[in-house]
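Data block for input.cif (mmCIF, C-alpha atoms and all ligand atoms):
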data_structure
loop_
_atom_site.label_atom_id
_atom_site.label_comp_id
_atom_site.auth_asym_id
_atom_site.auth_seq_id
_atom_site.Cartn_x
_atom_site.Cartn_y
_atom_site.Cartn_z
CA MET A 19 -31.56 -25.85 27.32
CA THR A 20 -28.16 -26.97 26.06
CA ALA A 21 -27.13 -30.53 26.95
CA TYR A 22 -23.52 -31.09 28.02
CA LEU A 23 -21.36 -34.18 27.65
CA ILE A 24 -18.44 -33.97 30.07
CA THR A 25 -15.83 -36.52 29.06
CA GLY A 26 -13.02 -38.21 30.97
CA ALA A 27 -13.52 -36.66 34.41
CA LYS A 28 -12.48 -38.49 37.54
CA ILE A 29 -15.82 -38.86 39.29
CA VAL A 30 -15.11 -38.28 42.95
CA GLY A 31 -15.08 -41.55 44.86
CA GLY A 32 -15.38 -43.49 41.59
CA GLU A 33 -13.82 -44.09 38.20
CA VAL A 34 -12.92 -41.93 35.24
CA ALA A 35 -16.17 -41.55 33.30
CA ASP A 36 -18.33 -39.32 31.14
CA LEU A 37 -21.27 -37.33 32.48
CA LEU A 38 -24.27 -36.42 30.36
CA ILE A 39 -26.26 -33.44 31.60
CA ASP A 40 -29.62 -32.44 30.20
CA ASN A 41 -32.79 -30.83 31.45
CA GLU A 42 -31.24 -29.71 34.75
CA GLU A 43 -30.27 -33.29 35.63
CA ILE A 44 -27.45 -35.76 35.36
CA VAL A 45 -28.89 -38.11 32.72
CA ALA A 46 -26.12 -40.69 32.58
CA VAL A 47 -22.71 -41.50 34.05
CA GLY A 48 -20.52 -44.06 32.29
CA THR A 49 -17.77 -44.70 29.79
CA GLY A 50 -18.10 -44.03 26.08
CA LEU A 51 -21.35 -42.06 26.36
CA GLN A 52 -22.64 -40.73 23.04
CA ALA A 53 -23.44 -37.04 22.84
CA PRO A 54 -26.91 -36.16 21.57
CA ALA A 55 -26.84 -34.01 18.41
CA ASP A 56 -27.46 -30.74 20.27
CA ALA A 57 -25.00 -31.39 23.11
CA GLU A 58 -21.84 -29.45 23.78
CA THR A 59 -18.84 -31.63 24.68
CA ILE A 60 -16.45 -30.56 27.44
CA ASP A 61 -13.14 -32.41 27.66
CA ALA A 62 -12.50 -32.93 31.39
CA THR A 63 -9.41 -35.11 31.13
CA GLY A 64 -7.33 -34.66 34.28
CA LEU A 65 -10.15 -32.93 36.14
CA ILE A 66 -12.05 -34.14 39.18
CA ALA A 67 -15.86 -33.91 39.16
CA LEU A 68 -17.23 -33.05 42.59
CA PRO A 69 -20.81 -32.43 43.67
CA GLY A 70 -21.46 -28.66 43.81
CA LEU A 71 -20.03 -27.29 47.05
CA VAL A 72 -22.36 -26.01 49.76
CA ASP A 73 -21.34 -23.21 52.12
CA LEU A 74 -23.27 -23.19 55.37
CA HIS A 75 -21.79 -19.84 56.47
CA THR A 76 -21.57 -16.92 54.02
CA HIS A 77 -22.01 -13.19 54.59
CA LEU A 78 -23.63 -11.69 51.49
CA ARG A 79 -24.14 -8.26 53.15
CA GLU A 80 -27.37 -7.46 51.30
CA PRO A 81 -29.48 -5.69 52.46
CA GLY A 82 -27.51 -2.85 54.00
CA ARG A 83 -23.85 -3.12 53.07
CA GLU A 84 -23.99 -3.36 49.30
CA ASP A 85 -20.66 -1.53 49.22
CA ALA A 86 -19.03 -4.68 50.67
CA GLU A 87 -20.99 -7.36 48.77
CA THR A 88 -24.37 -8.02 47.20
CA VAL A 89 -26.28 -11.24 46.69
CA HIS A 90 -25.26 -11.00 43.03
CA THR A 91 -21.51 -10.46 43.57
CA GLY A 92 -21.31 -12.84 46.53
CA THR A 93 -23.00 -15.73 44.73
CA ARG A 94 -20.88 -15.05 41.63
CA ALA A 95 -17.79 -15.37 43.85
CA ALA A 96 -19.32 -18.54 45.30
CA ALA A 97 -19.73 -20.06 41.84
CA VAL A 98 -16.10 -19.22 41.00
CA GLY A 99 -15.17 -21.11 44.18
CA GLY A 100 -17.17 -24.17 43.07
CA PHE A 101 -20.25 -23.57 45.24
CA THR A 102 -23.79 -24.18 44.03
CA ALA A 103 -25.48 -23.29 47.32
CA VAL A 104 -24.72 -20.78 50.06
CA PHE A 105 -26.39 -20.10 53.40
CA ALA A 106 -26.59 -16.34 53.89
CA MET A 107 -25.97 -15.10 57.42
CA ALA A 108 -28.54 -12.88 59.09
CA ASN A 109 -26.33 -9.99 60.26
CA THR A 110 -27.53 -7.65 57.54
CA ASP A 111 -29.15 -4.22 57.90
CA PRO A 112 -32.05 -4.65 58.41
CA VAL A 113 -31.35 -7.92 60.20
CA ALA A 114 -32.85 -11.03 58.59
CA ASP A 115 -35.26 -11.60 61.46
CA THR A 116 -38.58 -11.50 59.58
CA ALA A 117 -40.20 -13.43 56.74
CA GLY A 118 -39.99 -10.27 54.61
CA VAL A 119 -36.21 -9.94 54.76
CA VAL A 120 -35.42 -13.64 54.28
CA GLU A 121 -37.78 -13.79 51.29
CA GLN A 122 -36.05 -10.77 49.77
CA VAL A 123 -32.60 -12.38 50.10
CA TRP A 124 -33.90 -15.70 48.74
CA ARG A 125 -35.50 -13.95 45.75
CA LEU A 126 -32.32 -11.96 44.97
CA GLY A 127 -30.48 -15.28 44.91
CA ARG A 128 -32.92 -16.75 42.39
CA GLU A 129 -32.63 -13.66 40.20
CA ALA A 130 -28.81 -13.72 40.21
CA GLY A 131 -28.79 -17.40 39.25
CA TYR A 132 -25.23 -18.22 40.35
CA ALA A 133 -25.98 -20.34 43.41
CA ASP A 134 -29.03 -21.24 45.44
CA VAL A 135 -29.26 -18.86 48.40
CA TYR A 136 -30.65 -20.27 51.62
CA PRO A 137 -31.18 -17.39 54.05
CA ILE A 138 -30.32 -18.01 57.68
CA GLY A 139 -32.77 -16.34 60.04
CA ALA A 140 -31.72 -14.44 63.15
CA VAL A 141 -32.47 -16.19 66.44
CA THR A 142 -33.36 -12.98 68.26
CA VAL A 143 -35.03 -9.74 67.22
CA GLY A 144 -32.39 -7.45 65.71
CA ARG A 145 -29.76 -9.97 66.92
CA GLN A 146 -30.07 -8.14 70.23
CA GLY A 147 -30.12 -11.32 72.27
CA THR A 148 -33.20 -10.46 74.29
CA GLN A 149 -36.31 -11.70 72.48
CA LEU A 150 -36.89 -14.61 70.07
CA ALA A 151 -37.41 -13.57 66.44
CA GLU A 152 -40.31 -14.87 64.31
CA LEU A 153 -38.66 -18.24 63.74
CA GLY A 154 -41.86 -19.98 62.68
CA ALA A 155 -42.82 -17.27 60.19
CA MET A 156 -39.37 -17.45 58.59
CA ALA A 157 -39.62 -21.25 58.45
CA ASP A 158 -43.05 -21.03 56.77
CA SER A 159 -41.99 -18.30 54.32
CA ALA A 160 -41.06 -18.88 50.67
CA ALA A 161 -37.43 -18.97 51.85
CA ARG A 162 -38.19 -22.08 53.99
CA VAL A 163 -35.58 -21.15 56.62
CA ARG A 164 -34.21 -24.15 58.53
CA VAL A 165 -31.04 -22.66 60.05
CA PHE A 166 -31.06 -19.80 62.54
CA SER A 167 -28.12 -17.85 63.90
CA ASP A 168 -27.24 -14.55 65.57
CA ASP A 169 -23.77 -14.97 64.01
CA GLY A 170 -21.49 -12.08 64.75
CA ASP A 171 -22.90 -12.33 68.25
CA CYS A 172 -23.47 -15.21 70.63
CA VAL A 173 -26.88 -16.16 71.98
CA TRP A 174 -25.31 -15.92 75.42
CA ASP A 175 -28.50 -16.02 77.55
CA ALA A 176 -28.86 -19.70 78.41
CA ALA A 177 -32.62 -19.48 78.91
CA LEU A 178 -33.12 -17.84 75.52
CA MET A 179 -30.84 -20.39 73.85
CA ARG A 180 -32.87 -23.15 75.44
CA ARG A 181 -36.12 -21.64 74.16
CA ALA A 182 -34.71 -21.23 70.65
CA LEU A 183 -33.65 -24.89 70.58
CA GLU A 184 -37.10 -25.90 71.82
CA TYR A 185 -38.92 -23.71 69.31
CA VAL A 186 -37.15 -24.99 66.18
CA LYS A 187 -37.59 -28.58 67.27
CA ALA A 188 -41.21 -28.39 66.05
CA PHE A 189 -40.08 -28.12 62.41
CA GLY A 190 -36.66 -29.77 62.64
CA GLY A 191 -34.70 -26.50 62.49
CA THR A 192 -31.12 -25.98 63.62
CA ILE A 193 -29.62 -23.28 65.82
CA ALA A 194 -26.12 -22.34 64.62
CA GLN A 195 -24.25 -20.81 67.54
CA HIS A 196 -21.50 -18.20 67.29
CA ALA A 197 -19.72 -19.47 70.43
CA GLN A 198 -18.27 -16.44 72.16
CA GLU A 199 -18.84 -15.68 75.84
CA PRO A 200 -19.17 -11.89 75.62
CA ARG A 201 -17.93 -11.08 79.12
CA LEU A 202 -14.70 -13.01 78.50
CA THR A 203 -14.03 -11.27 75.18
CA LYS A 204 -14.74 -7.64 75.98
CA GLY A 205 -12.54 -5.57 73.66
CA ALA A 206 -10.69 -8.69 72.54
CA GLN A 207 -8.55 -8.26 69.44
CA MET A 208 -6.56 -11.47 68.94
CA ASN A 209 -5.90 -14.88 70.46
CA GLU A 210 -4.97 -14.64 74.16
CA GLY A 211 -1.45 -15.83 74.86
CA ALA A 212 2.14 -14.70 75.11
CA LEU A 213 1.94 -13.01 71.72
CA SER A 214 -1.09 -10.85 72.55
CA GLY A 215 0.89 -9.58 75.54
CA VAL A 216 3.90 -8.76 73.40
CA LEU A 217 1.80 -7.01 70.76
CA GLY A 218 -0.26 -5.12 73.33
CA LEU A 219 -3.58 -6.35 71.89
CA THR A 220 -6.40 -7.46 74.20
CA GLY A 221 -6.51 -11.27 74.36
CA TRP A 222 -9.38 -13.55 73.33
CA PRO A 223 -9.12 -16.67 75.46
CA SER A 224 -9.95 -20.12 74.08
CA VAL A 225 -12.20 -20.72 77.07
CA ALA A 226 -14.60 -18.01 75.82
CA GLU A 227 -15.40 -20.30 72.90
CA GLU A 228 -15.15 -23.61 74.73
CA ALA A 229 -17.41 -22.62 77.64
CA ILE A 230 -20.30 -21.80 75.29
CA ILE A 231 -19.80 -24.96 73.20
CA ALA A 232 -19.85 -27.13 76.33
CA ARG A 233 -22.90 -25.32 77.72
CA ASP A 234 -24.87 -25.54 74.50
CA ILE A 235 -24.11 -29.22 73.88
CA LEU A 236 -25.54 -29.93 77.35
CA LEU A 237 -28.52 -27.63 76.76
CA ASN A 238 -29.23 -29.25 73.42
CA HIS A 239 -29.01 -32.71 74.94
CA HIS A 240 -31.56 -31.62 77.51
CA VAL A 241 -33.90 -30.28 74.81
CA GLY A 242 -33.27 -32.90 72.10
CA SER A 243 -33.05 -30.40 69.25
CA LYS A 244 -30.39 -29.57 66.63
CA LEU A 245 -27.28 -27.55 67.50
CA HIS A 246 -24.56 -26.51 65.07
CA ILE A 247 -21.33 -24.79 66.13
CA CYS A 248 -20.05 -22.03 63.85
CA HIS A 249 -16.33 -21.60 63.07
CA LEU A 250 -14.85 -23.73 65.83
CA SER A 251 -11.21 -22.70 66.30
CA THR A 252 -9.46 -24.23 69.32
CA LYS A 253 -7.98 -27.56 70.35
CA GLY A 254 -10.16 -27.53 73.46
CA SER A 255 -13.30 -27.07 71.34
CA VAL A 256 -12.34 -30.08 69.22
CA GLU A 257 -11.86 -32.15 72.38
CA ILE A 258 -15.25 -31.11 73.77
CA VAL A 259 -17.09 -31.95 70.55
CA ARG A 260 -15.20 -35.24 70.18
CA ALA A 261 -16.06 -36.28 73.75
CA ALA A 262 -19.70 -35.27 73.26
CA LYS A 263 -20.04 -37.30 70.06
CA ARG A 264 -18.46 -40.31 71.79
CA ARG A 265 -21.14 -40.03 74.47
CA GLY A 266 -23.79 -39.97 71.74
CA LEU A 267 -24.70 -36.30 72.20
CA ASP A 268 -26.02 -34.60 69.06
CA VAL A 269 -24.00 -31.71 67.70
CA THR A 270 -22.48 -30.65 64.39
CA ALA A 271 -19.57 -28.27 63.90
CA GLU A 272 -17.74 -26.35 61.21
CA VAL A 273 -14.21 -25.05 60.73
CA THR A 274 -13.17 -22.30 58.31
CA PRO A 275 -10.40 -22.63 55.71
CA HIS A 276 -8.42 -19.85 57.44
CA HIS A 277 -8.44 -21.67 60.77
CA LEU A 278 -7.12 -24.76 58.96
CA LEU A 279 -4.10 -22.88 57.65
CA LEU A 280 -3.23 -19.60 59.37
CA THR A 281 -1.89 -18.86 62.87
CA GLU A 282 -1.83 -15.93 65.28
CA GLU A 283 1.75 -14.93 64.37
CA LEU A 284 0.26 -13.08 61.38
CA ALA A 285 -1.15 -10.52 63.83
CA ALA A 286 2.41 -9.34 64.49
CA SER A 287 2.18 -7.47 61.17
CA TYR A 288 -0.67 -5.42 62.66
CA ASP A 289 -2.31 -5.82 59.25
CA PRO A 290 -6.08 -6.00 59.93
CA VAL A 291 -6.55 -8.36 56.98
CA TYR A 292 -5.65 -11.00 59.61
CA LYS A 293 -8.22 -9.74 62.12
CA VAL A 294 -11.09 -12.19 62.35
CA ASN A 295 -13.70 -13.56 64.73
CA PRO A 296 -12.83 -16.04 66.21
CA PRO A 297 -9.17 -15.02 66.03
CA LEU A 298 -6.42 -16.96 64.30
CA ARG A 299 -5.05 -19.34 66.93
CA THR A 300 -1.82 -21.30 67.52
CA LYS A 301 -0.08 -24.03 65.52
CA GLU A 302 -1.35 -26.55 68.08
CA ASP A 303 -4.93 -25.42 67.48
CA VAL A 304 -4.48 -25.65 63.70
CA GLU A 305 -3.21 -29.22 64.06
CA ALA A 306 -6.17 -30.07 66.30
CA VAL A 307 -8.84 -28.66 63.94
CA ARG A 308 -7.22 -30.49 61.01
CA GLU A 309 -7.32 -33.73 62.99
CA GLY A 310 -10.89 -33.02 64.05
CA LEU A 311 -11.97 -32.49 60.46
CA ALA A 312 -10.13 -35.64 59.37
CA ASP A 313 -11.72 -37.91 62.00
CA GLY A 314 -15.23 -36.46 61.57
CA THR A 315 -15.39 -34.66 64.92
CA ILE A 316 -15.79 -31.48 62.88
CA ASP A 317 -18.46 -32.21 60.30
CA ILE A 318 -17.84 -29.59 57.65
CA VAL A 319 -15.78 -26.75 56.23
CA ALA A 320 -17.69 -23.45 55.99
CA THR A 321 -16.07 -20.30 54.65
CA ASP A 322 -17.39 -17.55 56.95
CA HIS A 323 -16.81 -15.37 53.86
CA ALA A 324 -16.92 -11.92 55.52
CA PRO A 325 -16.40 -9.13 52.98
CA HIS A 326 -15.50 -5.64 54.20
CA PRO A 327 -14.76 -2.49 52.18
CA VAL A 328 -11.26 -0.98 52.26
CA GLU A 329 -12.18 1.79 54.69
CA ASP A 330 -13.22 -0.77 57.34
CA LYS A 331 -10.00 -2.78 56.95
CA ASP A 332 -7.33 -0.28 55.93
CA CYS A 333 -7.01 1.30 59.36
CA GLU A 334 -5.51 0.73 62.78
CA TRP A 335 -5.90 -2.89 64.01
CA SER A 336 -8.20 -2.13 66.93
CA ALA A 337 -10.51 0.03 64.79
CA ALA A 338 -10.76 -2.47 61.91
CA ALA A 339 -13.68 -4.81 61.26
CA PHE A 340 -13.40 -8.53 61.97
CA GLY A 341 -13.57 -10.88 59.00
CA MET A 342 -11.99 -12.17 55.79
CA ILE A 343 -13.29 -13.27 52.41
CA GLY A 344 -13.00 -16.94 51.51
CA LEU A 345 -15.43 -18.27 48.90
CA GLU A 346 -12.97 -18.24 46.00
CA THR A 347 -10.07 -19.77 47.92
CA ALA A 348 -11.82 -22.33 50.15
CA LEU A 349 -11.33 -25.41 47.99
CA SER A 350 -7.67 -24.57 47.31
CA VAL A 351 -6.96 -24.05 51.00
CA VAL A 352 -8.65 -27.36 51.83
CA GLN A 353 -6.66 -29.13 49.12
CA HIS A 354 -3.44 -27.61 50.47
CA ALA A 355 -4.13 -28.17 54.18
CA MET A 356 -6.03 -31.45 54.04
CA VAL A 357 -5.66 -33.33 50.74
CA ASP A 358 -2.02 -32.66 49.90
CA THR A 359 -1.20 -33.59 53.52
CA LYS A 360 -3.14 -36.89 53.11
CA LEU A 361 -5.54 -36.04 55.95
CA LEU A 362 -8.55 -36.19 53.59
CA THR A 363 -9.27 -37.86 50.26
CA TRP A 364 -11.22 -36.05 47.56
CA ALA A 365 -14.21 -38.22 48.49
CA ASP A 366 -13.87 -36.85 52.04
CA VAL A 367 -13.77 -33.32 50.60
CA ALA A 368 -17.09 -34.00 48.84
CA ASP A 369 -18.42 -35.16 52.20
CA ARG A 370 -17.16 -32.17 54.25
CA MET A 371 -17.92 -29.48 51.66
CA SER A 372 -21.06 -30.80 49.93
CA TYR A 373 -22.90 -33.83 51.34
CA ARG A 374 -22.79 -32.92 55.00
CA PRO A 375 -23.35 -29.16 54.81
CA ALA A 376 -26.34 -29.83 52.52
CA ALA A 377 -27.68 -32.34 55.04
CA ILE A 378 -27.23 -30.00 58.01
CA GLY A 379 -28.88 -27.14 56.13
CA GLN A 380 -31.59 -29.40 54.61
CA ALA A 381 -30.80 -28.31 51.04
CA SER A 382 -32.10 -31.44 49.37
CA ASP A 383 -31.23 -30.42 45.77
CA HIS A 384 -27.59 -30.20 46.80
CA GLY A 385 -25.04 -32.54 48.30
CA ARG A 386 -26.09 -35.46 46.12
CA PRO A 387 -23.71 -38.05 44.65
CA LEU A 388 -23.01 -37.60 40.93
CA GLU A 389 -25.45 -40.23 39.68
CA ALA A 390 -28.13 -40.38 37.00
CA GLY A 391 -31.29 -38.68 38.23
CA ALA A 392 -29.54 -36.22 40.54
CA PRO A 393 -29.85 -32.46 39.91
CA ALA A 394 -26.86 -31.37 37.79
CA ASN A 395 -25.10 -29.36 40.50
CA LEU A 396 -21.41 -30.07 40.08
CA VAL A 397 -17.94 -28.62 39.81
CA LEU A 398 -14.92 -29.58 37.70
CA VAL A 399 -11.59 -29.01 39.46
CA ASP A 400 -8.04 -29.17 38.16
CA PRO A 401 -6.07 -30.45 41.16
CA ALA A 402 -2.73 -30.09 39.38
CA ALA A 403 -3.10 -26.33 38.81
CA GLN A 404 -1.21 -23.83 40.95
CA ARG A 405 -2.33 -20.25 41.38
CA THR A 406 -1.12 -17.19 43.21
CA ILE A 407 -3.84 -15.30 45.02
CA VAL A 408 -4.21 -11.70 43.83
CA PRO A 409 -6.84 -9.70 45.77
CA GLU A 410 -7.50 -7.38 42.81
CA GLN A 411 -8.60 -10.41 40.79
CA SER A 412 -11.29 -11.47 43.25
CA THR A 413 -14.85 -11.76 42.00
CA SER A 414 -16.13 -10.62 45.37
CA LEU A 415 -16.74 -6.89 45.72
CA SER A 416 -14.29 -6.88 48.63
CA ARG A 417 -10.55 -7.54 48.66
CA ASN A 418 -9.86 -8.65 52.25
CA THR A 419 -8.26 -12.02 51.57
CA PRO A 420 -5.61 -13.23 54.02
CA PHE A 421 -4.14 -15.47 51.30
CA ALA A 422 -2.83 -12.64 49.09
CA GLY A 423 0.49 -13.55 47.54
CA MET A 424 0.24 -17.22 48.52
CA THR A 425 0.50 -19.90 45.85
CA LEU A 426 -2.19 -22.50 46.39
CA PRO A 427 -3.04 -25.71 44.55
CA GLY A 428 -6.23 -26.41 42.60
CA GLN A 429 -8.40 -24.43 40.23
CA VAL A 430 -12.15 -24.56 39.69
CA VAL A 431 -12.56 -24.91 35.92
CA ALA A 432 -16.35 -25.10 35.65
CA THR A 433 -19.40 -25.00 37.90
CA PHE A 434 -22.90 -26.12 36.91
CA LEU A 435 -26.09 -25.09 38.69
CA ARG A 436 -29.01 -27.33 37.66
CA GLY A 437 -27.34 -28.08 34.36
CA THR A 438 -26.45 -24.48 33.49
CA PRO A 439 -22.81 -23.42 33.62
CA THR A 440 -22.20 -20.56 36.06
CA VAL A 441 -18.43 -20.75 35.55
CA ARG A 442 -16.43 -21.80 32.45
CA ASP A 443 -12.62 -21.77 32.14
CA GLY A 444 -12.46 -20.48 35.70
CA LYS A 445 -14.50 -17.37 34.89
CA PRO A 446 -18.10 -16.49 35.69
CA VAL A 447 -20.29 -16.88 32.59
CA ARG A 448 -21.88 -13.44 32.93
N1 LIG B 1 -16.11 -13.68 61.14
C1 LIG B 1 -15.93 -12.39 61.28
O1 LIG B 1 -14.84 -11.98 61.69
N2 LIG B 1 -16.90 -11.50 60.98
C2 LIG B 1 -18.23 -11.79 60.58
C3 LIG B 1 -19.11 -12.14 61.74
C4 LIG B 1 -18.88 -13.53 62.32
O2 LIG B 1 -18.79 -14.52 61.59
O3 LIG B 1 -18.84 -13.68 63.53
C5 LIG B 1 -18.79 -10.59 59.84
O4 LIG B 1 -20.01 -10.50 59.66
O5 LIG B 1 -17.99 -9.76 59.39
ZN ZN B 2 -19.40 -15.76 63.82
ZN ZN B 3 -19.87 -15.35 60.16
#

Could the structure of this file be written out as structure tokens, please?
Ligand SMILES: NC(=O)N[C@@H](CC(=O)O)C(=O)O
Ligand SMILES: [Zn+2]
Ligand SMILES: [Zn+2]
Amino acid sequence: MTAYLITGAKIVGGEVADLLIDNEEIVAVGTGLQAPADAETIDATGLIALPGLVDLHTHLREPGREDAETVHTGTRAAAVGGFTAVFAMANTDPVADTAGVVEQVWRLGREAGYADVYPIGAVTVGRQGTQLAELGAMADSAARVRVFSDDGDCVWDAALMRRALEYVKAFGGTIAQHAQEPRLTKGAQMNEGALSGVLGLTGWPSVAEEAIIARDILLNHHVGSKLHICHLSTKGSVEIVRAAKRRGLDVTAEVTPHHLLLTEELAASYDPVYKVNPPLRTKEDVEAVREGLADGTIDIVATDHAPHPVEDKDCEWSAAAFGMIGLETALSVVQHAMVDTKLLTWADVADRMSYRPAAIGQASDHGRPLEAGAPANLVLVDPAAQRTIVPEQSTSLSRNTPFAGMTLPGQVVATFLRGTPTVRDGKPVR
């Protein structure tokens, strides 16, 4: 294995220093480190070294929709975005609701070698919302599943949600809820408000999200288990989670990059690239989720990278699929929305995009400070770079980015997974 001496990087939360990587680990951090004879030196002057990013919410689409993404292409896109670990959502075909499917996804991740893949298991059989899946068998499998979600659909049956929370308590698992009251969002196409009326698109009220979040926080308090809220998007949701945390109730929550930056006005174009679940909300909501992420009410940023092929997006709004890709743009959007606005420091970014998601997902090799003895999972970022997003240049198999044409700050220069570069000069190594 090649050793690497990274010189002159700004170590996040610390000083400018050199990093020596060998044998899958960070061997030393300090100034004036000497490179061993066989080491390759990387000049990182002007770059920030962050712990490898961890995405708790990625759709890799394999098995079943390999035309949209595969474990290989999705994790390669993740590496380009600075991620060293991704949690793969269960809404595949077949659904990841058995030990067999989660082991397959986990193994494909190992073979690809771009990022560690932690499969998320479905909560219910076939994500049908009627019967608990084999949660224990998935937990005991080689994939060691610790996070379960019916994402794409809500576990709306309160009794079933209660039983899921109780079941995973035995092994310290987490239920990640896609908070969407189905009866309040029947046929919903975009955020409910004056604009949905004007555009003639069925509205998706904030209360459909907030009612489930409130219910599940109370349910989880009753059970004493672990609840995580997927892609929280409204001001009211932030207020509910903030109040719950103040009362000492246990809950964690995520926000996506797109909900930190984009608003519902984009739907006026009727371009389905802006169609997503939950929908883009108002300026007030965007301000509230930014504040919530800044003050720790919202624990983490997760991409909800949702690739779709052209034929599912290049059609009439109401017929189009929900979702947008986000792995390759996440860090730039967070820099733009949160760092350049002084709402977060880079140390906070490491917390929200690496330490905390790794802790919630129990990925112990990831989310570790850049210190001697830690696994060499890290990313070098040039915060001074500017880049214009071009969908055709995406590493993902799909092109449905809502940031096309935007100029965003920051560029991932290199990513290392256990001491091996997965990205050099901004490009995947293979
Ligand atoms: N976010 C989306 O709009 N779509 C996701 C499902 C989901 O995250 O709910 C997908 O799988 O395409
Ligand atoms: Zn979802
Ligand atoms: Zn999702």

Q.
Any residue with an atom at most 12 Å from ligand ZN 3 (chain B) counts, using all atoms listed in the file. Which are they? Put them as an MDAnalysis selection string.
A. chainID A and resid 73:79 105:110 138 167:172 194:197 247:250 272:274 294:296 320:325 340:344

Hey, can I get the axis-aligned box for ligand LIG 1 (chain B)? All listed atoms, 3 Å padding on each side, centre and edge lengths in Å to one decimal, as lines of an AutoDock Vina configuration file.
center_x = -17.4
center_y = -12.1
center_z = 61.5
size_x = 11.2
size_y = 10.8
size_z = 10.1

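Using all atoms listed in the file, the nearest neighbour of ligand LIG 1 (chain B) within the list A:Leu280, A:Ala86, A:Ala348, A:Ala285 is A:Ala86.
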
Q. Leaving out Leu37 in chain A and any residue of its chain fewer than 6 positions from it, which residues lie within 6 Å of it when counting all atoms listed in the file, given as a ChimeraX atom specification?
A. /A:23-24,46-47

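Picture a line from CA of Ala188 in chain A to CA of Thr270 in chain A; it runs 18.9 Å.
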
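Each of A:Leu284, A:Ala339, A:Ile407, A:Ile60 was compared to ligand LIG 1 (chain B) using all atoms listed in the file, and A:Ala339 turns out to be the nearest.
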
What would range 350-362 of chain A look like with N, CA and C atoms in place, written as a PDB file, in the frame of the given file?
ATOM      1  N   SER A 350      -9.132 -24.519  47.423  1.00  0.00           N
ATOM      2  CA  SER A 350      -7.670 -24.570  47.310  1.00  0.00           C
ATOM      3  C   SER A 350      -7.004 -24.702  48.677  1.00  0.00           C
ATOM      4  N   VAL A 351      -7.537 -23.973  49.660  1.00  0.00           N
ATOM      5  CA  VAL A 351      -6.960 -24.050  51.000  1.00  0.00           C
ATOM      6  C   VAL A 351      -7.190 -25.452  51.577  1.00  0.00           C
ATOM      7  N   VAL A 352      -8.367 -26.004  51.334  1.00  0.00           N
ATOM      8  CA  VAL A 352      -8.650 -27.360  51.830  1.00  0.00           C
ATOM      9  C   VAL A 352      -7.763 -28.385  51.123  1.00  0.00           C
ATOM     10  N   GLN A 353      -7.567 -28.211  49.823  1.00  0.00           N
ATOM     11  CA  GLN A 353      -6.660 -29.130  49.120  1.00  0.00           C
ATOM     12  C   GLN A 353      -5.256 -29.051  49.729  1.00  0.00           C
ATOM     13  N   HIS A 354      -4.789 -27.821  49.945  1.00  0.00           N
ATOM     14  CA  HIS A 354      -3.440 -27.610  50.470  1.00  0.00           C
ATOM     15  C   HIS A 354      -3.291 -28.156  51.896  1.00  0.00           C
ATOM     16  N   ALA A 355      -4.252 -27.816  52.761  1.00  0.00           N
ATOM     17  CA  ALA A 355      -4.130 -28.170  54.180  1.00  0.00           C
ATOM     18  C   ALA A 355      -4.533 -29.607  54.479  1.00  0.00           C
ATOM     19  N   MET A 356      -5.445 -30.156  53.689  1.00  0.00           N
ATOM     20  CA  MET A 356      -6.030 -31.450  54.040  1.00  0.00           C
ATOM     21  C   MET A 356      -5.787 -32.572  53.039  1.00  0.00           C
ATOM     22  N   VAL A 357      -5.812 -32.268  51.754  1.00  0.00           N
ATOM     23  CA  VAL A 357      -5.660 -33.330  50.740  1.00  0.00           C
ATOM     24  C   VAL A 357      -4.189 -33.582  50.452  1.00  0.00           C
ATOM     25  N   ASP A 358      -3.450 -32.505  50.203  1.00  0.00           N
ATOM     26  CA  ASP A 358      -2.020 -32.660  49.900  1.00  0.00           C
ATOM     27  C   ASP A 358      -1.246 -33.173  51.114  1.00  0.00           C
ATOM     28  N   THR A 359      -1.813 -33.062  52.300  1.00  0.00           N
ATOM     29  CA  THR A 359      -1.200 -33.590  53.520  1.00  0.00           C
ATOM     30  C   THR A 359      -1.715 -35.002  53.839  1.00  0.00           C
ATOM     31  N   LYS A 360      -2.578 -35.536  52.973  1.00  0.00           N
ATOM     32  CA  LYS A 360      -3.140 -36.890  53.110  1.00  0.00           C
ATOM     33  C   LYS A 360      -4.071 -37.054  54.312  1.00  0.00           C
ATOM     34  N   LEU A 361      -4.585 -35.945  54.837  1.00  0.00           N
ATOM     35  CA  LEU A 361      -5.540 -36.040  55.950  1.00  0.00           C
ATOM     36  C   LEU A 361      -6.942 -36.348  55.435  1.00  0.00           C
ATOM     37  N   LEU A 362      -7.252 -35.898  54.218  1.00  0.00           N
ATOM     38  CA  LEU A 362      -8.550 -36.190  53.590  1.00  0.00           C
ATOM     39  C   LEU A 362      -8.328 -36.659  52.158  1.00  0.00           C
TER      40      LEU A 362
END
